[in-house]
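Working notes, beginning with the structure itself.
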Amino acid sequence: VNLSEILRQKELTVLKSLVWELGGDDLEHDRKEEVYGASANFSNFARKDVLLALAKGVLLKSDSGSTPASKHDSIDSTSGLPSIKSAASWVAPNFMYLLVNIVLYKWHTKSNRERFQSIKCLKEMLRFLPSQDSPRYMPQIMSAVNNAMTSPSSPSDLLDSDYFSKLCLVAVTTLFDFIKIVTSHDSTEVGENLVSIVVTLYPLFDTTDDSTFRGQRFAKEKAAEMLEWLASGKGGDKLPPFFNEIPFLPSARELQPVRIILEKKRRQS
């Protein structure tokens, strides 16, 4: 039995293990741009290795890895990095399986670190998601973000609270990434789910005091940036009218630009 045969027999198990590693950087040592940035990148060596494994796995399971030309398919000729397109051809058809089994399954029994890694995996998985397929995953991704944004009833200590604040930020940036993907295909789909999106963000604006934890502060700023992007019409001219279905926006100062944009659009209509 060769490696290609083993991979075909254990395909989903291997794929799940590899994708899990995409979110596996240590929380305390994550690079700032990956934890707090709007979009993660593959500059991290571990993630390069995982991406290369995903790209090569496509070749092995199709038995095409024996020819010199096909080996080069796992490397992008322009950047010299592992090919996202090649990896996507394995991840995208199994996106629902990965979303359910890595992110959603047994969420409430996961440790803080596992929850953080799960949402980071989802954020990385979005790189492989074709925009035309994205709307079908709206319910599951909204559920994942809702889970992440639900505060523990009584954090046991400051470390728990810090974990949660960083989890909120990664969840918000993941949601923003996903919304951009969906709007690039069909902005109406986001508009029809706008009430759910805004309600999901409400807990971030539930307090007037600035959070002690920078993850929580950055999450609030990123959420405000997302709503401003939607209200301005940058995601599509069809989006701003859907704000009329939202009963109210929190009074947080971060949302003042959103209120100004919406009021201006109401006067113009």
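Naming scheme: A, B, ... for chains in displayed order of the structure tokens; residues 1 onward per chain; ligands 1 onward as shown.
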> Got a sec: who's within 8 Å of stretch 262-269 of chain A, counting only C-alpha atoms, leaving out chain neighbours fewer than 2 positions off, as number ranges by chain?
Replying inline: A: 231-232, 240, 243, 258-260
Would you mind exporting N, CA and C atoms of the selected residues as a PDB file, in the first residue's frame?
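Below is the file that was written, part.pdb:
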```pdb
ATOM      1  N   ALA A 231     -22.812  50.048   5.620  1.00  0.00           N
ATOM      2  CA  ALA A 231     -23.721  51.192   5.522  1.00  0.00           C
ATOM      3  C   ALA A 231     -23.331  52.137   4.391  1.00  0.00           C
ATOM      4  N   SER A 232     -22.045  52.226   4.099  1.00  0.00           N
ATOM      5  CA  SER A 232     -21.571  53.157   3.066  1.00  0.00           C
ATOM      6  C   SER A 232     -21.874  52.677   1.652  1.00  0.00           C
ATOM      7  N   PRO A 240     -27.192  49.308   1.889  1.00  0.00           N
ATOM      8  CA  PRO A 240     -27.654  50.318   2.848  1.00  0.00           C
ATOM      9  C   PRO A 240     -29.151  50.295   3.155  1.00  0.00           C
ATOM     10  N   PHE A 243     -30.544  48.470   6.252  1.00  0.00           N
ATOM     11  CA  PHE A 243     -30.407  49.007   7.614  1.00  0.00           C
ATOM     12  C   PHE A 243     -31.736  49.539   8.141  1.00  0.00           C
ATOM     13  N   VAL A 258     -21.313  55.403  11.558  1.00  0.00           N
ATOM     14  CA  VAL A 258     -22.365  54.613  10.917  1.00  0.00           C
ATOM     15  C   VAL A 258     -23.681  55.370  10.964  1.00  0.00           C
ATOM     16  N   ARG A 259     -23.985  55.934  12.128  1.00  0.00           N
ATOM     17  CA  ARG A 259     -25.249  56.695  12.269  1.00  0.00           C
ATOM     18  C   ARG A 259     -25.264  57.904  11.335  1.00  0.00           C
ATOM     19  N   ILE A 260     -24.114  58.562  11.199  1.00  0.00           N
ATOM     20  CA  ILE A 260     -24.038  59.741  10.328  1.00  0.00           C
ATOM     21  C   ILE A 260     -24.287  59.338   8.867  1.00  0.00           C
TER      22      ILE A 260
END
```
>> List the spatial neighbours of A:Ala223 as JSON, numbers by chain - criterion: any atom at most 10 Å away, only C-alpha atoms, same-chain residues fewer than 6 positions off excluded.
In response: {"A": [169, 171, 172, 173, 175, 176, 198, 201, 202, 204, 205, 217, 229, 254, 255]}
> With distances taken over only C-alpha atoms, which of A:Leu239, A:Leu126, A:Leu7, A:Leu99 is nearest to A:Ala53?
Replying inline: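 Closest residue, counting only C-alpha atoms: A:Leu7.
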>> Which residues are near A:Gln140? Cut-off 12 Å, only C-alpha atoms, ignore same chain within fewer than 2 positions. Put them as a ChimeraX atom specification.
In response: /A:95-101,103-105,122,134-138,142-147,175,178
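The gap separating atom CA of A:Asn112 from atom CA of A:Val170 is 13.0 Å, in Å to one decimal.
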> atom CA of A:Trp90 and atom CA of A:Ser118 are how many Å apart?
Replying inline: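 Straight-line distance from atom CA of A:Trp90 to atom CA of A:Ser118 works out to 19.0 Å.
Counting from atom CA of A:Thr183, the distance to atom CA of A:Gly233 is 10.7 Å.
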> With distances taken over only C-alpha atoms, which of A:Asp206, A:Asp162, A:Asp133, A:Glu225 is nearest to A:Asp186?
Replying inline: A:Asp133
